[in-house]
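Novice: Provided herewith: structure.cif, mmCIF, C-alpha atoms and all ligand atoms.
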data_run
#
loop_
_atom_site.label_atom_id
_atom_site.label_comp_id
_atom_site.auth_asym_id
_atom_site.auth_seq_id
_atom_site.Cartn_x
_atom_site.Cartn_y
_atom_site.Cartn_z
CA MET A 1 -25.40 11.79 -4.67
CA THR A 2 -22.40 9.71 -5.78
CA ASP A 3 -21.27 6.69 -3.84
CA THR A 4 -18.12 8.51 -2.76
CA THR A 5 -20.12 11.19 -0.93
CA ILE A 6 -18.85 11.54 2.61
CA SER A 7 -21.12 11.47 5.64
CA ALA A 8 -21.82 14.37 8.00
CA THR A 9 -19.85 12.57 10.72
CA LEU A 10 -16.85 12.23 8.44
CA ILE A 11 -17.11 15.89 7.43
CA ALA A 12 -16.95 16.88 11.12
CA THR A 13 -13.93 14.60 11.65
CA LEU A 14 -12.19 16.01 8.57
CA ASN A 15 -12.84 19.58 9.76
CA ARG A 16 -11.20 18.79 13.11
CA GLN A 17 -8.26 17.39 11.18
CA LEU A 18 -8.09 20.42 8.85
CA GLN A 19 -7.99 22.66 11.91
CA ARG A 20 -5.08 20.65 13.37
CA ALA A 21 -3.22 20.73 10.04
CA GLY A 22 -3.72 24.51 9.68
CA ARG A 23 -1.62 25.05 12.84
CA HIS A 24 1.47 23.87 10.96
CA GLY A 25 3.52 26.04 8.61
CA PHE A 26 3.62 23.27 6.03
CA TYR A 27 -0.14 23.42 5.39
CA ARG A 28 -0.40 27.19 5.71
CA ARG A 29 2.10 27.39 2.86
CA LEU A 30 0.42 24.66 0.76
CA TRP A 31 -3.07 26.08 1.18
CA GLY A 32 -2.09 29.77 1.10
CA GLN A 33 -4.12 30.19 4.31
CA SER A 34 -4.40 28.62 7.76
CA LYS A 35 -8.13 28.01 7.90
CA VAL A 36 -9.80 25.55 5.56
CA GLU A 37 -13.27 24.27 6.36
CA ILE A 38 -15.56 22.02 4.37
CA THR A 39 -19.32 21.61 4.31
CA GLN A 40 -19.63 18.89 1.65
CA SER A 41 -17.63 16.24 -0.26
CA ASP A 42 -16.91 18.55 -3.20
CA ASP A 43 -15.19 21.06 -0.88
CA PHE A 44 -12.81 18.35 0.28
CA ALA A 45 -11.97 17.37 -3.32
CA ARG A 46 -10.82 20.95 -3.93
CA ILE A 47 -8.23 21.04 -1.13
CA PRO A 48 -4.73 21.04 -2.67
CA MET A 49 -3.08 17.62 -2.52
CA VAL A 50 0.39 16.97 -1.09
CA PRO A 51 2.56 15.62 -3.94
CA TYR A 52 4.05 12.14 -3.58
CA GLY A 53 7.35 12.12 -1.69
CA ALA A 54 7.18 15.82 -0.87
CA PHE A 55 5.78 15.67 2.65
CA ALA A 56 8.70 14.88 4.98
CA GLU A 57 11.23 16.67 2.75
CA ASP A 58 9.20 19.88 2.27
CA ALA A 59 8.36 20.02 5.98
CA HIS A 60 12.09 19.73 6.67
CA GLN A 61 12.94 22.56 4.26
CA ILE A 62 10.59 25.02 5.98
CA ASP A 63 12.51 24.95 9.28
CA PRO A 64 15.55 22.63 9.20
CA PRO A 65 16.71 20.45 10.84
CA ARG A 66 13.61 19.68 12.91
CA GLY A 67 11.12 20.80 10.29
CA SER A 68 7.76 22.51 10.26
CA PHE A 69 5.95 20.00 12.49
CA PHE A 70 8.26 19.91 15.52
CA GLY A 71 6.74 21.28 18.70
CA ARG A 72 6.09 20.84 22.42
CA ASP A 73 3.64 17.97 22.03
CA VAL A 74 6.04 15.69 20.14
CA VAL A 75 6.86 12.55 22.16
CA ARG A 76 8.21 10.11 19.56
CA ILE A 77 10.71 10.99 16.88
CA ASN A 78 11.19 8.36 14.21
CA LEU A 79 13.36 8.92 11.18
CA THR A 80 12.77 7.87 7.61
CA PRO A 81 15.22 8.04 4.70
CA SER A 82 14.57 10.61 1.96
CA SER A 83 16.75 11.25 -1.08
CA LYS A 84 18.54 13.96 0.92
CA GLY A 85 19.02 12.25 4.29
CA LEU A 86 17.01 11.13 7.30
CA ARG A 87 13.80 13.06 7.89
CA PRO A 88 11.66 12.99 11.06
CA ILE A 89 8.24 11.40 11.53
CA TYR A 90 6.64 12.84 14.69
CA PHE A 91 3.93 11.58 17.01
CA SER A 92 2.20 13.20 19.98
CA ALA A 93 1.05 11.01 22.87
CA HIS A 94 -2.46 11.25 21.42
CA ASP A 95 -1.21 10.19 17.97
CA LEU A 96 0.39 7.05 19.39
CA VAL A 97 -2.90 6.06 21.03
CA SER A 98 -4.95 6.47 17.85
CA LEU A 99 -2.34 4.63 15.78
CA ARG A 100 -2.07 1.68 18.18
CA ARG A 101 -5.86 1.33 18.39
CA ALA A 102 -6.29 1.34 14.62
CA ASN A 103 -3.50 -1.18 14.18
CA ALA A 104 -4.76 -3.44 16.95
CA GLU A 105 -8.16 -3.61 15.23
CA LEU A 106 -6.49 -4.60 11.95
CA LEU A 107 -4.49 -7.30 13.77
CA ARG A 108 -7.66 -8.62 15.41
CA ARG A 109 -9.30 -8.95 12.00
CA ALA A 110 -6.18 -10.73 10.76
CA GLY A 111 -6.92 -13.41 13.36
CA VAL A 112 -4.38 -12.46 16.05
CA THR A 113 -5.71 -13.09 19.59
CA GLU A 114 -4.69 -12.60 23.21
CA ASP A 115 -3.40 -16.17 23.20
CA ASP A 116 -0.80 -15.48 20.53
CA VAL A 117 2.86 -14.91 21.23
CA ALA A 118 4.33 -12.79 18.44
CA ILE A 119 7.73 -11.55 17.36
CA THR A 120 8.54 -8.77 14.96
CA THR A 121 11.72 -9.02 12.96
CA LEU A 122 11.48 -5.44 11.64
CA SER A 123 13.89 -2.87 13.03
CA TYR A 124 13.19 -0.98 16.26
CA SER A 125 15.95 1.47 15.47
CA LEU A 126 15.07 4.92 14.06
CA LEU A 127 12.36 3.73 11.62
CA PRO A 128 8.69 3.80 12.68
CA ALA A 129 7.77 0.13 12.04
CA GLY A 130 9.16 -1.83 15.02
CA LEU A 131 7.71 0.26 17.84
CA MET A 132 4.47 0.82 15.92
CA ILE A 133 3.94 -2.94 15.67
CA GLN A 134 4.98 -3.54 19.29
CA ASP A 135 2.34 -1.00 20.40
CA ALA A 136 -0.39 -2.60 18.29
CA PHE A 137 0.11 -6.13 19.64
CA GLU A 138 0.17 -4.81 23.21
CA GLU A 139 -3.01 -2.82 22.60
CA LEU A 140 -4.72 -5.98 21.36
CA GLY A 141 -3.59 -7.89 24.42
CA ALA A 142 -1.38 -10.33 22.51
CA LYS A 143 2.12 -11.08 23.71
CA ILE A 144 5.06 -9.77 21.73
CA ILE A 145 8.83 -10.19 22.03
CA PRO A 146 10.75 -7.22 20.55
CA VAL A 147 13.20 -9.30 18.53
CA GLY A 148 14.20 -7.09 15.59
CA PRO A 149 16.26 -8.26 12.61
CA GLY A 150 19.32 -10.54 12.63
CA GLU A 151 20.46 -13.05 15.29
CA THR A 152 18.77 -15.93 13.48
CA GLU A 153 19.87 -18.72 15.84
CA ARG A 154 18.76 -16.89 18.95
CA THR A 155 15.44 -16.00 17.30
CA VAL A 156 14.79 -19.66 16.43
CA ALA A 157 15.48 -20.62 20.07
CA LEU A 158 13.14 -17.88 21.34
CA MET A 159 10.43 -19.09 18.97
CA ARG A 160 10.71 -22.62 20.37
CA ASP A 161 10.81 -21.59 24.02
CA TRP A 162 7.91 -19.18 23.80
CA LYS A 163 5.82 -21.14 21.29
CA VAL A 164 5.70 -18.16 18.95
CA SER A 165 2.62 -18.31 16.71
CA VAL A 166 2.83 -14.99 14.81
CA ILE A 167 5.67 -13.29 12.95
CA TYR A 168 5.44 -9.71 11.73
CA GLY A 169 8.27 -9.12 9.30
CA ASN A 170 9.94 -9.81 5.97
CA PRO A 171 8.59 -13.04 4.42
CA SER A 172 12.11 -13.76 3.13
CA TYR A 173 13.41 -13.66 6.71
CA ALA A 174 10.53 -15.84 7.97
CA MET A 175 11.64 -18.43 5.38
CA ARG A 176 15.24 -18.15 6.61
CA LEU A 177 14.07 -18.76 10.20
CA HIS A 178 12.14 -21.79 8.99
CA GLU A 179 15.22 -23.18 7.22
CA ALA A 180 17.20 -22.62 10.42
CA GLY A 181 14.81 -24.90 12.28
CA ALA A 182 12.09 -22.52 13.57
CA PRO A 183 8.85 -24.27 14.60
CA PRO A 184 5.75 -23.71 12.41
CA ILE A 185 3.79 -20.49 12.94
CA ARG A 186 0.08 -19.78 12.49
CA VAL A 187 0.14 -16.26 11.01
CA LEU A 188 2.74 -14.32 9.02
CA ILE A 189 2.06 -10.61 8.62
CA ALA A 190 4.26 -9.48 5.77
CA GLY A 191 6.17 -6.21 6.02
CA GLY A 192 9.42 -4.64 4.95
CA GLU A 193 9.43 -5.87 1.34
CA PRO A 194 7.07 -6.28 -1.65
CA PHE A 195 5.01 -9.41 -1.21
CA SER A 196 2.00 -10.24 -3.39
CA ALA A 197 3.21 -7.68 -5.97
CA ILE A 198 5.89 -10.22 -6.94
CA PRO A 199 4.27 -13.01 -9.00
CA GLY A 200 4.58 -16.40 -7.34
CA TYR A 201 6.21 -15.09 -4.13
CA LYS A 202 3.19 -15.63 -1.89
CA ASP A 203 2.82 -19.23 -3.13
CA ALA A 204 6.53 -19.87 -2.56
CA VAL A 205 6.24 -18.61 1.03
CA ARG A 206 3.15 -20.77 1.58
CA ASP A 207 4.96 -23.82 0.17
CA ALA A 208 7.92 -23.19 2.48
CA LEU A 209 6.00 -22.40 5.67
CA GLY A 210 3.09 -24.85 5.33
CA SER A 211 -0.29 -24.72 3.58
CA GLN A 212 -2.17 -23.96 6.83
CA ILE A 213 -0.41 -20.65 7.40
CA VAL A 214 -2.39 -17.40 7.23
CA LEU A 215 -0.45 -14.89 5.12
CA ILE A 216 -1.44 -11.28 5.68
CA GLU A 217 -0.54 -8.28 3.55
CA SER A 218 -0.63 -4.71 4.86
CA TYR A 219 -0.59 -1.31 3.22
CA GLY A 220 1.16 1.61 4.84
CA LEU A 221 3.74 4.34 4.43
CA ALA A 222 6.29 5.78 6.85
CA GLU A 223 4.37 9.10 6.71
CA ALA A 224 0.97 7.47 7.25
CA GLY A 225 1.46 4.35 9.37
CA THR A 226 -0.49 1.23 8.39
CA VAL A 227 -3.78 2.27 6.81
CA ALA A 228 -5.13 -1.05 5.48
CA ARG A 229 -4.57 -4.75 6.04
CA GLU A 230 -5.96 -8.09 4.89
CA CYS A 231 -8.09 -10.04 7.33
CA ARG A 232 -7.88 -13.82 7.56
CA HIS A 233 -10.65 -14.16 4.95
CA GLN A 234 -8.45 -12.47 2.31
CA ARG A 235 -11.08 -10.37 0.52
CA GLY A 236 -8.71 -7.43 -0.02
CA LEU A 237 -7.11 -4.93 2.34
CA HIS A 238 -9.64 -3.53 4.82
CA VAL A 239 -9.14 0.19 5.44
CA ALA A 240 -8.65 1.43 9.02
CA VAL A 241 -11.60 3.77 8.53
CA ASP A 242 -11.34 5.47 11.94
CA TYR A 243 -7.70 6.25 11.34
CA ALA A 244 -7.43 7.22 7.69
CA HIS A 245 -9.71 8.51 4.95
CA LEU A 246 -8.71 7.07 1.58
CA GLU A 247 -9.64 8.49 -1.81
CA VAL A 248 -8.89 7.15 -5.27
CA ILE A 249 -8.17 9.83 -7.88
CA ASP A 250 -7.41 9.99 -11.57
CA PRO A 251 -3.62 10.48 -11.51
CA ALA A 252 -3.75 12.63 -14.63
CA SER A 253 -6.55 15.06 -13.70
CA GLY A 254 -6.50 14.75 -9.90
CA GLU A 255 -10.30 14.26 -9.88
CA PRO A 256 -11.78 11.75 -7.41
CA LEU A 257 -12.96 8.52 -9.08
CA PRO A 258 -16.11 6.52 -8.30
CA ARG A 259 -15.93 3.31 -6.25
CA GLY A 260 -14.63 0.34 -8.18
CA GLU A 261 -12.35 2.30 -10.52
CA VAL A 262 -8.58 1.99 -10.47
CA GLY A 263 -6.64 5.13 -9.63
CA GLU A 264 -4.07 6.69 -7.31
CA ILE A 265 -4.61 6.28 -3.57
CA VAL A 266 -4.73 9.53 -1.57
CA VAL A 267 -4.47 9.40 2.24
CA THR A 268 -5.83 11.76 4.89
CA HIS A 269 -5.33 11.07 8.60
CA LEU A 270 -8.48 11.24 10.70
CA ASP A 271 -7.00 11.48 14.18
CA LYS A 272 -3.45 12.78 14.09
CA GLU A 273 -2.31 15.98 15.80
CA ILE A 274 1.30 16.22 14.65
CA MET A 275 2.38 15.67 11.06
CA PRO A 276 -1.15 14.94 9.88
CA LEU A 277 -1.53 13.95 6.25
CA VAL A 278 -4.21 15.85 4.36
CA ARG A 279 -4.77 14.52 0.84
CA TYR A 280 -1.33 12.94 0.46
CA ARG A 281 -0.75 11.40 -2.98
CA THR A 282 0.84 8.00 -2.45
CA GLY A 283 1.69 7.23 -6.08
CA ASP A 284 0.20 3.76 -5.47
CA LEU A 285 -2.70 2.44 -7.54
CA GLY A 286 -5.73 0.79 -5.99
CA VAL A 287 -9.48 0.24 -6.17
CA LEU A 288 -11.72 1.20 -3.24
CA ASP A 289 -15.04 -0.51 -2.65
CA HIS A 290 -17.27 -1.76 0.13
CA VAL A 291 -16.83 -5.49 0.55
CA ASP A 292 -19.03 -7.95 2.42
CA CYS A 293 -16.59 -10.03 4.42
CA PRO A 294 -17.29 -12.54 7.23
CA CYS A 295 -15.40 -10.06 9.48
CA GLY A 296 -17.83 -7.26 8.57
CA ARG A 297 -18.78 -4.98 5.66
CA THR A 298 -15.84 -2.69 5.18
CA LEU A 299 -14.33 -0.20 2.79
CA THR A 300 -11.56 -2.24 1.20
CA LEU A 301 -8.66 -1.90 -1.21
CA VAL A 302 -9.93 -4.63 -3.50
CA GLY A 303 -7.15 -6.69 -5.06
CA GLY A 304 -4.46 -4.92 -3.01
CA ILE A 305 -1.98 -2.46 -4.47
CA ARG A 306 -2.02 -2.52 -8.25
CA GLY A 307 1.30 -0.95 -9.10
CA ARG A 308 2.54 2.62 -9.41
CA ALA A 309 0.56 5.53 -10.82
CA ASP A 310 3.62 6.90 -12.60
CA ALA A 311 3.71 3.74 -14.77
CA MET A 312 0.43 4.86 -16.41
CA ARG A 313 0.50 5.82 -20.10
CA LYS A 314 -2.26 7.14 -22.29
CA VAL A 315 -2.53 5.09 -25.49
CA LYS A 316 -5.16 5.97 -28.10
CA GLY A 317 -6.88 8.09 -25.45
CA VAL A 318 -7.11 5.18 -23.00
CA LYS A 319 -5.21 5.05 -19.71
CA LEU A 320 -3.13 1.91 -19.59
CA TYR A 321 -1.58 0.59 -16.39
CA PRO A 322 1.00 -2.23 -16.61
CA ALA A 323 -0.54 -3.74 -13.46
CA GLN A 324 -3.86 -4.07 -15.32
CA ILE A 325 -2.16 -6.03 -18.08
CA ARG A 326 -0.51 -8.26 -15.47
CA GLN A 327 -3.90 -9.13 -14.00
CA LEU A 328 -5.39 -9.74 -17.41
CA LEU A 329 -2.54 -12.10 -18.35
CA ASP A 330 -2.85 -13.94 -15.05
CA GLN A 331 -6.50 -14.80 -15.74
CA ASP A 332 -5.57 -17.61 -18.12
CA ASP A 333 -3.22 -20.61 -17.88
CA THR A 334 -1.66 -19.88 -21.28
CA THR A 335 -0.37 -16.46 -20.18
CA ARG A 336 -0.26 -16.66 -16.35
CA GLY A 337 3.04 -15.48 -14.88
CA ARG A 338 4.61 -14.71 -18.28
CA ALA A 339 6.82 -11.62 -18.32
CA PHE A 340 5.76 -8.92 -20.78
CA ARG A 341 6.66 -5.55 -22.28
CA LEU A 342 4.51 -2.85 -23.82
CA GLN A 343 5.56 -0.58 -26.63
CA VAL A 344 3.82 2.43 -28.13
CA SER A 345 4.85 3.65 -31.55
CA ASP A 346 3.44 6.11 -34.04
CA GLY A 347 2.13 4.18 -37.02
CA GLY A 348 1.46 7.14 -39.26
CA SER A 349 -1.55 9.05 -37.94
CA THR A 350 -2.42 6.67 -35.10
CA GLN A 351 -0.60 5.17 -32.18
CA GLN A 352 0.23 1.47 -32.28
CA LEU A 353 0.36 -0.70 -29.18
CA SER A 354 2.61 -3.76 -29.14
CA LEU A 355 2.61 -6.48 -26.52
CA ILE A 356 5.76 -8.56 -26.21
CA LEU A 357 5.24 -11.81 -24.32
CA GLU A 358 7.88 -14.09 -22.89
CA GLY A 359 7.67 -17.73 -23.93
CA PRO A 360 6.24 -19.71 -26.84
CA PRO A 361 3.65 -18.23 -29.25
CA LEU A 362 0.00 -18.63 -28.24
CA ALA A 363 -2.27 -21.00 -30.16
CA ASP A 364 -5.02 -19.31 -32.22
CA GLY A 365 -7.76 -19.98 -29.65
CA ALA A 366 -5.71 -18.62 -26.73
CA LEU A 367 -4.73 -15.57 -28.80
CA ALA A 368 -8.37 -14.81 -29.63
CA ASP A 369 -9.27 -15.13 -25.93
CA LEU A 370 -6.48 -12.76 -24.99
CA ARG A 371 -7.70 -10.16 -27.50
CA THR A 372 -11.21 -10.47 -26.08
CA ARG A 373 -9.92 -9.90 -22.54
CA PHE A 374 -8.03 -6.81 -23.74
CA ARG A 375 -11.15 -5.41 -25.43
CA LYS A 376 -13.29 -6.02 -22.33
CA GLU A 377 -10.90 -4.87 -19.65
CA VAL A 378 -8.62 -2.22 -21.07
CA LEU A 379 -10.82 -1.19 -24.01
CA ILE A 380 -8.04 -1.40 -26.61
CA ILE A 381 -6.40 -4.37 -28.32
CA PRO A 382 -2.66 -4.55 -29.09
CA ASN A 383 -1.96 -3.97 -32.79
CA ASP A 384 0.55 -6.79 -32.65
CA ILE A 385 1.70 -9.44 -30.22
CA ARG A 386 5.29 -10.62 -30.44
CA TYR A 387 7.22 -13.25 -28.53
CA GLU A 388 10.65 -13.46 -26.93
CA ALA A 389 12.13 -16.65 -25.45
CA VAL A 390 13.45 -14.73 -22.43
CA LEU A 391 12.74 -11.17 -21.25
CA PRO A 392 15.38 -9.70 -18.95
CA PRO A 393 14.22 -7.71 -15.88
CA GLY A 394 13.49 -4.06 -16.71
CA ALA A 395 10.85 -1.42 -17.31
CA ILE A 396 7.51 -2.65 -18.63
CA TRP A 397 7.29 0.11 -21.25
CA LEU A 398 9.89 -0.80 -23.82
CA ASP A 399 10.69 2.77 -24.85
CA ASP A 400 11.33 3.62 -21.16
CA ALA A 401 13.95 0.88 -21.10
CA GLN A 402 15.63 2.23 -24.22
CA ARG A 403 15.60 5.85 -23.16
ZN ZN A 501 -12.53 -9.34 6.38
#
The structure given in the file should be rewritten as structure tokens.
Specialist:
Amino acid sequence: MTDTTISATLIATLNRQLQRAGRHGFYRRLWGQSKVEITQSDDFARIPMVPYGAFAEDAHQIDPPRGSFFGRDVVRINLTPSSKGLRPIYFSAHDLVSLRRANAELLRRAGVTEDDVAITTLSYSLLPAGLMIQDAFEELGAKIIPVGPGETERTVALMRDWKVSVIYGNPSYAMRLHEAGAPPIRVLIAGGEPFSAIPGYKDAVRDALGSQIVLIESYGLAEAGTVARECRHQRGLHVAVDYAHLEVIDPASGEPLPRGEVGEIVVTHLDKEIMPLVRYRTGDLGVLDHVDCPCGRTLTLVGGIRGRADAMRKVKGVKLYPAQIRQLLDQDDTTRGRAFRLQVSDGGSTQQLSLILEGPPLADGALADLRTRFRKEVLIIPNDIRYEAVLPPGAIWLDDAQR
């Protein structure tokens, strides 16, 4: 029995979900049949995955313009941009209840209470986020003003009058509100833009908004809703385990990986009638593990989102993720925050890995430490390490940039 084995209760829940999914043309086409049932974990791992980005677009193609999932029970129609236009995200009345409950629980763990007055500065128009967040705060019993983006002066005045303590929205906009004279807030739940993935950004926001502020990161997709969020103890992103089943797979082979290993996150809804995701490949990298947190022992995306799966390269038989190198560099003062590039070249019969670091050359001791960290954590050591005074923004893999 591996530690990713799923319980009998979860198998029953997944079977209910598979039955719901089989009613839709999208899954009948993907599976080649309408009825899929599982009796053990291995059965689930054999169900065909939905490729990244394909869900809303492929569903649209089956029966345009409303797509394969439209039906009588739809009550909310959100729209999300795809490369070919706006595509619908549907919810039944039941779906909205399960989503708001799951999100309210994540907000509660983040430290939001009935005494808080919140605003969200994300859009209420077309996209799923605004209304989804509104619902979640109401479910929790907190107070929320549906502010939306823009109108900075009016928003600052509202924040003063209503003693707003929580903002759900873009951290960059929260900083703008602060500069425009907004009173201090207690909790900022980041959304709408990359946050901790940008080195130094979280610290900059904390410096601007005050050291006491609780900064919360969430993980979600338009197709999935929010599926994980940090709690106020910041031990990683706790998964909404009643709402979504998360797997981590090897992006190359598609095989599920054991707990604690980095791989691509795959999402399955556990209580969604319309537009349910079954094994949707997100393209995002993460590590799943159970974490003991003061808020409870929970399955958690440890260390948050670790970059994109499509940035992975195999070098000398070892899978190398740029995000892994970032973490390794950030472990030591001599390399923390330095920009870098990776380059693979054929040095005769074997591949050569080069690391190009921004900034001054490392002293011998620091260089030896860096090599040790490479050997321990990514199993291979760069054949050479070069330095550039300044690295312009661009792809991490140097040959990608040149292509
Ligand atoms: Zn926690």
Novice: Please write out the residues within 9 Å of ligand ZN 501 (chain A) as a PDB file with C-alpha atoms, keeping the file's coordinate frame, counting all atoms listed in the file.
Specialist:
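Now in result_12.pdb:
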ATOM      1  CA  ARG A 109      -9.300  -8.950  12.000  1.00  0.00           C
ATOM      2  CA  ALA A 110      -6.180 -10.730  10.760  1.00  0.00           C
ATOM      3  CA  GLU A 230      -5.960  -8.090   4.890  1.00  0.00           C
ATOM      4  CA  CYS A 231      -8.090 -10.040   7.330  1.00  0.00           C
ATOM      5  CA  ARG A 232      -7.880 -13.820   7.560  1.00  0.00           C
ATOM      6  CA  HIS A 233     -10.650 -14.160   4.950  1.00  0.00           C
ATOM      7  CA  GLN A 234      -8.450 -12.470   2.310  1.00  0.00           C
ATOM      8  CA  ARG A 235     -11.080 -10.370   0.520  1.00  0.00           C
ATOM      9  CA  GLY A 236      -8.710  -7.430  -0.020  1.00  0.00           C
ATOM     10  CA  LEU A 237      -7.110  -4.930   2.340  1.00  0.00           C
ATOM     11  CA  HIS A 238      -9.640  -3.530   4.820  1.00  0.00           C
ATOM     12  CA  VAL A 291     -16.830  -5.490   0.550  1.00  0.00           C
ATOM     13  CA  ASP A 292     -19.030  -7.950   2.420  1.00  0.00           C
ATOM     14  CA  CYS A 293     -16.590 -10.030   4.420  1.00  0.00           C
ATOM     15  CA  PRO A 294     -17.290 -12.540   7.230  1.00  0.00           C
ATOM     16  CA  CYS A 295     -15.400 -10.060   9.480  1.00  0.00           C
ATOM     17  CA  GLY A 296     -17.830  -7.260   8.570  1.00  0.00           C
ATOM     18  CA  ARG A 297     -18.780  -4.980   5.660  1.00  0.00           C
ATOM     19  CA  THR A 298     -15.840  -2.690   5.180  1.00  0.00           C
ATOM     20  CA  THR A 300     -11.560  -2.240   1.200  1.00  0.00           C
TER      21      THR A 300
END
Novice: Given the point (-7.9, 28.4, 10.1) in the coordinates of this file, which residues lie within 7 Å, counting all atoms listed in the file, and how would they look as an mmCIF file with C-alpha atoms, keeping the file's coordinate frame?
Specialist:
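Below you can see result-v6.cif, which holds the result:
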data_model
loop_
_atom_site.group_PDB
_atom_site.id
_atom_site.type_symbol
_atom_site.label_atom_id
_atom_site.label_comp_id
_atom_site.auth_asym_id
_atom_site.auth_seq_id
_atom_site.Cartn_x
_atom_site.Cartn_y
_atom_site.Cartn_z
ATOM 1 C CA GLN A 19 -7.990 22.660 11.910
ATOM 2 C CA GLY A 22 -3.720 24.510 9.680
ATOM 3 C CA SER A 34 -4.400 28.620 7.760
ATOM 4 C CA LYS A 35 -8.130 28.010 7.900
ATOM 5 C CA VAL A 36 -9.800 25.550 5.560
#
Novice: For A:Ala56, please output as a PDB file with C-alpha atoms, keeping the file's coordinate frame all residues within 9 Å (counting all atoms listed in the file; exclusion window: fewer than 6 positions along the same chain).
Specialist:
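part_11.pdb written:
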ATOM      1  CA  GLY A  67      11.120  20.800  10.290  1.00  0.00           C
ATOM      2  CA  THR A  80      12.770   7.870   7.610  1.00  0.00           C
ATOM      3  CA  SER A  82      14.570  10.610   1.960  1.00  0.00           C
ATOM      4  CA  ARG A  87      13.800  13.060   7.890  1.00  0.00           C
ATOM      5  CA  PRO A  88      11.660  12.990  11.060  1.00  0.00           C
ATOM      6  CA  ILE A  89       8.240  11.400  11.530  1.00  0.00           C
ATOM      7  CA  GLU A 223       4.370   9.100   6.710  1.00  0.00           C
ATOM      8  CA  MET A 275       2.380  15.670  11.060  1.00  0.00           C
TER       9      MET A 275
END
Novice: Mind listing as a tab-separated table (two decimals) with C-alpha atoms, in the coordinates of the input all residues within 8 Å of (6.7, -19.2, 7.4), counting all atoms listed in the file?
Specialist:
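Contents of out_37.tsv, as written:
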chain	number	residue	atom	x	y	z
A	171	PRO	CA	8.59	-13.04	4.42
A	174	ALA	CA	10.53	-15.84	7.97
A	175	MET	CA	11.64	-18.43	5.38
A	177	LEU	CA	14.07	-18.76	10.20
A	178	HIS	CA	12.14	-21.79	8.99
A	184	PRO	CA	5.75	-23.71	12.41
A	185	ILE	CA	3.79	-20.49	12.94
A	188	LEU	CA	2.74	-14.32	9.02
A	205	VAL	CA	6.24	-18.61	1.03
A	206	ARG	CA	3.15	-20.77	1.58
A	208	ALA	CA	7.92	-23.19	2.48
A	209	LEU	CA	6.00	-22.40	5.67
A	210	GLY	CA	3.09	-24.85	5.33
A	213	ILE	CA	-0.41	-20.65	7.40
Novice: As an exercise, work out the distance from atom CA of A:Gly111 to atom CA of A:Ala222 in Å and give it to one decimal place.
Specialist: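 Straight-line distance from atom CA of A:Gly111 to atom CA of A:Ala222 works out to 24.2 Å.
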Novice: Which stretch 185-232 of chain A residues have any atom within 12 Å of an atom of stretch 159-168 of chain A, and for each, what is the nearest pair of atoms with distance in Å to one decimal, counting only C-alpha atoms, rows sorted by chain and number, as JSON lines?
Specialist:
{"residue": "A:Ile185", "atom": "CA", "partner": "A:Ser165", "partner_atom": "CA", "distance": 4.5}
{"residue": "A:Arg186", "atom": "CA", "partner": "A:Ser165", "partner_atom": "CA", "distance": 5.1}
{"residue": "A:Val187", "atom": "CA", "partner": "A:Val166", "partner_atom": "CA", "distance": 4.8}
{"residue": "A:Leu188", "atom": "CA", "partner": "A:Ile167", "partner_atom": "CA", "distance": 5.0}
{"residue": "A:Ile189", "atom": "CA", "partner": "A:Tyr168", "partner_atom": "CA", "distance": 4.7}
{"residue": "A:Ala190", "atom": "CA", "partner": "A:Tyr168", "partner_atom": "CA", "distance": 6.1}
{"residue": "A:Gly191", "atom": "CA", "partner": "A:Tyr168", "partner_atom": "CA", "distance": 6.7}
{"residue": "A:Gly192", "atom": "CA", "partner": "A:Tyr168", "partner_atom": "CA", "distance": 9.4}
{"residue": "A:Glu193", "atom": "CA", "partner": "A:Tyr168", "partner_atom": "CA", "distance": 11.8}
{"residue": "A:Leu209", "atom": "CA", "partner": "A:Ile167", "partner_atom": "CA", "distance": 11.7}
{"residue": "A:Ile213", "atom": "CA", "partner": "A:Val166", "partner_atom": "CA", "distance": 9.9}
{"residue": "A:Val214", "atom": "CA", "partner": "A:Val166", "partner_atom": "CA", "distance": 9.5}
{"residue": "A:Leu215", "atom": "CA", "partner": "A:Ile167", "partner_atom": "CA", "distance": 10.1}
{"residue": "A:Ile216", "atom": "CA", "partner": "A:Tyr168", "partner_atom": "CA", "distance": 9.3}
{"residue": "A:Glu217", "atom": "CA", "partner": "A:Tyr168", "partner_atom": "CA", "distance": 10.2}
{"residue": "A:Ser218", "atom": "CA", "partner": "A:Tyr168", "partner_atom": "CA", "distance": 10.4}
Novice: Would you please work out which residue, of A:Lys143, A:Arg306, A:Lys319, A:Arg108, is nearest to A:Ala240 when using all atoms listed in the file?
Specialist: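 Checking each candidate against A:Ala240, we get A:Arg108 as the closest.
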Novice: What does the structure give for the distance between atom CA of A:Lys316 and atom CA of A:Gln352, in Å to one decimal?
Specialist: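 Atom-to-atom, atom CA of A:Lys316 to atom CA of A:Gln352, that is 8.2 Å.
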Novice: Given the choices A:Asn170, A:Thr152, A:Phe26, A:Lys314, which gets closest to A:Ser68 if the distance is worked out from only C-alpha atoms?
Specialist: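 Of all the options, A:Phe26 lies closest to A:Ser68.
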Novice: Could you jot down the atom CA of A:Asp289 to atom CA of A:Gly303 separation for me, Å, one decimal place?
Specialist: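 Value for the atom CA of A:Asp289-atom CA of A:Gly303 distance: 10.3 Å.
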Novice: Of the residues A:Arg259, A:Arg375, A:Arg101, A:Arg154, which is the one nearest to A:Val318, using all atoms listed in the file?
Specialist: A:Arg375
Novice: Centre and edge lengths, as JSON, for the axis-aligned box enclosing every listed atom of stretch 89-106 of chain A with 4 Å of padding on each of the six sides, in Å to one decimal?
Specialist:
{"center_x": 0.0, "center_y": 4.3, "center_z": 17.2, "size_x": 24.4, "size_y": 25.8, "size_z": 19.3}
